[in-house]
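The next block is start_31.txt, given as compact mmCIF, C-alpha atoms.
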# COMPACT_ATOMS: atom_id res chain seq x y z
CA SER L 27 0.00 0.00 0.00
CA THR L 28 1.07 3.59 -0.60
CA ASN L 29 1.12 6.26 2.09
CA ASN L 30 -1.26 9.00 1.02
CA SER L 31 0.85 11.77 2.59
CA SER L 32 3.78 10.78 0.39
CA GLN L 33 1.60 11.14 -2.69
CA THR L 34 0.70 14.70 -1.75
CA GLY L 35 4.33 15.61 -1.26
CA GLN L 36 3.75 16.39 2.41
CA GLY L 37 5.09 13.18 3.93
CA ASN L 38 8.02 13.64 6.32
CA LYS L 39 7.95 17.44 5.99
CA SER L 40 8.17 19.60 9.09
CA ASN L 41 5.35 21.99 9.93
CA PHE L 42 7.70 24.82 8.94
CA GLU L 43 8.27 23.27 5.50
CA LYS L 44 4.53 22.72 5.06
CA THR L 45 3.76 26.31 6.08
CA LEU L 46 6.49 27.60 3.78
CA GLY L 47 4.94 25.57 0.95
CA PHE L 48 1.53 27.14 1.60
CA GLY L 49 3.17 30.57 1.68
CA LEU L 50 4.84 29.96 -1.66
CA THR L 51 1.51 28.77 -3.09
CA VAL L 52 -0.18 31.93 -1.84
CA LYS L 53 2.69 34.05 -3.14
CA GLY L 54 2.14 32.50 -6.57
CA TYR L 55 -1.39 33.88 -6.39
CA MET L 56 -0.41 37.31 -5.13
CA LYS L 57 2.46 39.13 -6.78
CA CYS L 58 3.64 42.55 -5.64
CA ILE L 59 5.31 45.74 -6.85
CA PRO L 60 8.01 45.32 -9.55
CA GLU L 61 11.61 46.32 -8.99
CA GLY L 62 12.32 49.87 -10.15
CA THR L 63 8.98 51.28 -8.99
CA LYS L 64 9.42 54.64 -7.24
CA ILE L 65 7.78 55.12 -3.83
CA ASP L 66 6.83 58.66 -2.74
CA THR L 67 8.68 60.31 0.14
CA GLN L 68 7.98 63.50 2.08
CA GLY L 69 9.11 66.66 0.32
CA GLY L 70 8.16 65.36 -3.12
CA GLY L 71 11.03 62.92 -3.59
CA GLN L 72 10.86 59.28 -4.61
CA ILE L 73 12.96 56.21 -3.82
CA ALA L 74 13.15 52.93 -5.74
CA ILE L 75 11.31 50.20 -3.85
CA GLU L 76 14.38 47.92 -3.92
CA ASP L 77 16.41 50.61 -2.08
CA ILE L 78 13.97 50.84 0.85
CA LYS L 79 14.91 49.21 4.14
CA ALA L 80 13.02 48.75 7.42
CA GLY L 81 13.11 52.13 9.15
CA THR L 82 12.95 54.17 5.93
CA LYS L 83 10.35 56.95 6.00
CA VAL L 84 7.95 57.09 3.06
CA LYS L 85 4.69 58.83 2.30
CA GLY L 86 2.07 56.54 3.77
CA TYR L 87 -1.35 55.44 2.62
CA TYR L 88 -2.95 58.49 4.25
CA LYS L 89 -0.35 60.86 2.70
CA ALA L 90 1.51 61.54 5.97
CA GLU L 91 5.05 60.35 6.55
CA THR L 92 5.15 56.78 7.88
CA GLU L 93 7.85 54.28 8.75
CA VAL L 94 8.52 51.10 6.79
CA LEU L 95 8.35 48.20 9.27
CA GLN L 96 9.15 45.34 6.88
CA VAL L 97 10.32 44.91 3.30
CA HIS L 98 9.50 41.69 1.47
CA GLN L 99 11.32 40.69 -1.71
CA TYR L 100 10.21 37.94 -4.10
CA LYS L 101 11.73 36.21 -7.13
CA GLU L 102 9.18 36.17 -9.93
CA ASP L 103 8.39 33.99 -12.94
CA ARG L 104 9.04 36.31 -15.88
CA ALA L 105 6.55 34.60 -18.22
CA PRO L 106 3.00 35.41 -17.01
CA HIS L 107 1.43 38.73 -18.00
CA ARG L 108 0.28 39.37 -14.41
CA PHE L 109 1.66 42.88 -13.97
CA TYR L 110 -0.30 46.03 -14.70
CA ARG L 111 0.68 49.61 -15.41
CA ILE L 112 -2.22 51.86 -14.52
CA THR L 113 -1.78 55.50 -15.49
CA PHE L 114 -3.71 58.48 -14.20
CA ASP L 115 -4.69 61.92 -15.42
CA ASN L 116 -2.27 63.52 -12.93
CA GLY L 117 0.65 61.99 -14.86
CA GLY L 118 1.26 59.33 -12.22
CA ALA L 119 1.31 55.59 -12.75
CA VAL L 120 1.21 52.51 -10.56
CA ASP L 121 2.93 49.28 -11.57
CA CYS L 122 1.81 46.20 -9.64
CA CYS L 123 0.48 42.68 -10.05
CA ASP L 124 -3.13 42.00 -10.94
CA MET L 125 -4.08 41.14 -7.33
CA HIS L 126 -2.24 43.97 -5.56
CA LYS L 127 -4.69 46.45 -4.14
CA ILE L 128 -4.67 50.08 -5.12
CA TYR L 129 -6.92 52.08 -2.79
CA ASN L 130 -8.45 48.82 -1.45
CA LYS L 131 -9.29 47.36 -4.88
CA PRO L 132 -7.27 44.75 -6.86
CA ALA L 133 -5.53 46.26 -9.89
CA LYS L 134 -7.29 43.78 -12.22
CA ASP L 135 -10.66 45.28 -11.25
CA TYR L 136 -9.87 48.83 -12.41
CA ARG L 137 -11.23 50.19 -15.68
CA ILE L 138 -10.38 53.29 -17.69
CA GLY L 139 -12.38 56.19 -16.25
CA ASP L 140 -12.41 54.85 -12.66
CA ARG L 141 -11.49 57.41 -10.01
CA ILE L 142 -9.12 57.08 -7.10
CA GLN L 143 -9.57 60.13 -4.90
CA ASN L 144 -8.80 63.11 -7.19
CA THR L 145 -7.28 61.11 -10.05
CA LYS L 146 -8.83 59.28 -12.97
CA VAL L 147 -7.51 56.12 -14.66
CA THR L 148 -6.51 56.99 -18.24
CA SER L 149 -4.89 53.73 -19.39
CA ILE L 150 -4.24 50.17 -18.27
CA GLY L 151 -1.62 47.88 -19.74
CA ARG L 152 -0.44 44.37 -18.87
CA TYR L 153 3.09 43.06 -19.14
CA ASN L 154 5.51 40.35 -18.11
CA GLY L 155 9.28 40.11 -17.66
CA VAL L 156 9.35 41.03 -13.97
CA GLU L 157 12.26 39.29 -12.25
CA ARG L 158 11.81 40.62 -8.73
CA SER L 159 8.97 42.22 -6.82
CA TYR L 160 8.61 43.83 -3.42
CA ASP L 161 6.06 44.91 -0.86
CA LEU L 162 6.33 47.20 2.14
CA LEU L 163 4.61 46.92 5.48
CA THR L 164 4.23 50.42 6.85
CA ALA L 165 2.93 51.77 10.12
CA ASP L 166 -0.27 52.94 8.39
CA GLY L 167 -0.82 49.92 6.10
CA GLY L 168 0.29 51.29 2.76
CA TYR L 169 2.31 53.79 0.75
CA LEU L 170 2.00 56.18 -2.16
CA ILE L 171 3.17 55.61 -5.71
CA GLY L 172 2.83 58.75 -7.84
CA GLY L 173 0.44 60.19 -5.27
CA VAL L 174 -1.86 57.14 -5.46
CA PRO L 175 -2.51 55.08 -2.27
CA VAL L 176 -1.34 51.47 -2.58
CA ASN L 177 -2.14 48.86 0.06
CA SER L 178 0.50 46.75 1.75
CA MET L 179 -0.45 43.14 1.01
CA ILE L 180 1.92 41.57 3.56
CA GLU L 181 -0.63 41.14 6.35
CA GLU L 182 -3.27 39.83 3.91
CA LEU L 183 -0.72 37.34 2.53
CA ALA L 184 0.10 36.16 6.07
CA GLU L 185 -3.61 35.76 6.93
CA LEU L 186 -4.30 33.79 3.74
CA THR L 187 -1.30 31.54 4.42
CA ALA L 188 -2.55 30.87 7.96
CA GLU L 189 -6.06 30.06 6.66
CA LEU L 190 -4.69 27.64 4.07
CA LYS L 191 -2.51 25.96 6.68
CA GLN L 192 -5.48 25.62 9.04
CA ALA L 193 -7.64 24.15 6.27
CA ALA L 194 -4.90 21.68 5.30
CA GLU L 195 -4.42 20.58 8.90
CA ALA L 196 -8.19 20.13 9.31
CA ALA L 197 -8.30 18.01 6.15
CA ALA L 198 -5.39 15.80 7.28
Take the structure in the file and write it out as structure tokens.
Amino acid sequence: STNNSSQTGQGNKSNFEKTLGFGLTVKGYMKCIPEGTKIDTQGGGQIAIEDIKAGTKVKGYYKAETEVLQVHQYKEDRAPHRFYRITFDNGGAVDCCDMHKIYNKPAKDYRIGDRIQNTKVTSIGRYNGVERSYDLLTADGGYLIGGVPVNSMIEELAELTAELKQAAEAAA
């Protein structure tokens, strides 16, 4: 007879390895902000997301200065066209994956003409080729890209991972 846990690839794995596997599965679902994207800082400056470290001050979700608490970096599969460039009538643009939330709404759900605060979406394009993406956990739950509020997805990713782990353990 064959051990069912070996068939699922979970046999003899530690809880940490199983949790990590769920996290990687969830991460495959949720991408982030591509390398090279500029994050707004106080005084009108910008800093590339890959240059931000924990403790860096950025313009937060609510437009006030906030501290970056965590920086997450991910290696991406360059093939899928899961990244969006959404441009706005103020000249700004947000680059992110299809599931990353901009002003509490996944990028894939925006349409030309939609409004985010005082800006209007003027174009939406999809692309691939992203090698590395990032996300920031800030004290106020997000950050600004080109004046547009972008949600941190780190806590949501952690919650989804925990839910998947709990469901898997219940099914075992």
### Task
Could you jot down the CA of Lys101 (chain L) to CA of Lys89 (chain L) separation for me, Å, one decimal place?
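Separation between CA of Lys101 (chain L) and CA of Lys89 (chain L): 29.2 Å.
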### Query
Using only C-alpha atoms, which of the listed residues (L:Thr113, L:Tyr88, L:Asp135, L:Leu163) sits closest to Leu183 (chain L)?
L:Leu163
### Query
Interatomic distance between CA of Pro175 (chain L) and CA of Val84 (chain L)?
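CA of Pro175 (chain L) sits 11.9 Å away from CA of Val84 (chain L).
One distance worth recording is that between CA of Arg152 (chain L) and CA of Thr67 (chain L), which is 26.4 Å.
Using only C-alpha atoms, the shortest contact distance between Ile180 (chain L) and any of L:Ser149, L:Thr92, L:Thr164, L:Gln143 is found at L:Thr164.
When all atoms listed in the file are used to measure the gap to Lys146 (chain L), the shortest distance among L:Ile78, L:Ala119, L:Ile65, L:Ala198 belongs to L:Ala119.
Across L:Val156, L:Ile112, L:Leu162, L:Val147, the tightest approach to Met179 (chain L) is made by L:Leu162 when counting only C-alpha atoms.
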#### Entry: Selected residue, from L:Val94, L:Asp66, L:Thr145, L:Gln72, that lies nearest to Gly117 (chain L) when counting only C-alpha atoms
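Among L:Val94, L:Asp66, L:Thr145, L:Gln72, it is L:Thr145 that comes nearest to Gly117 (chain L).
Here the question is which of L:Thr148, L:Thr82, L:Gln99, L:Thr63 gets nearest to Gly172 (chain L) using only C-alpha atoms, and that residue is L:Thr63.
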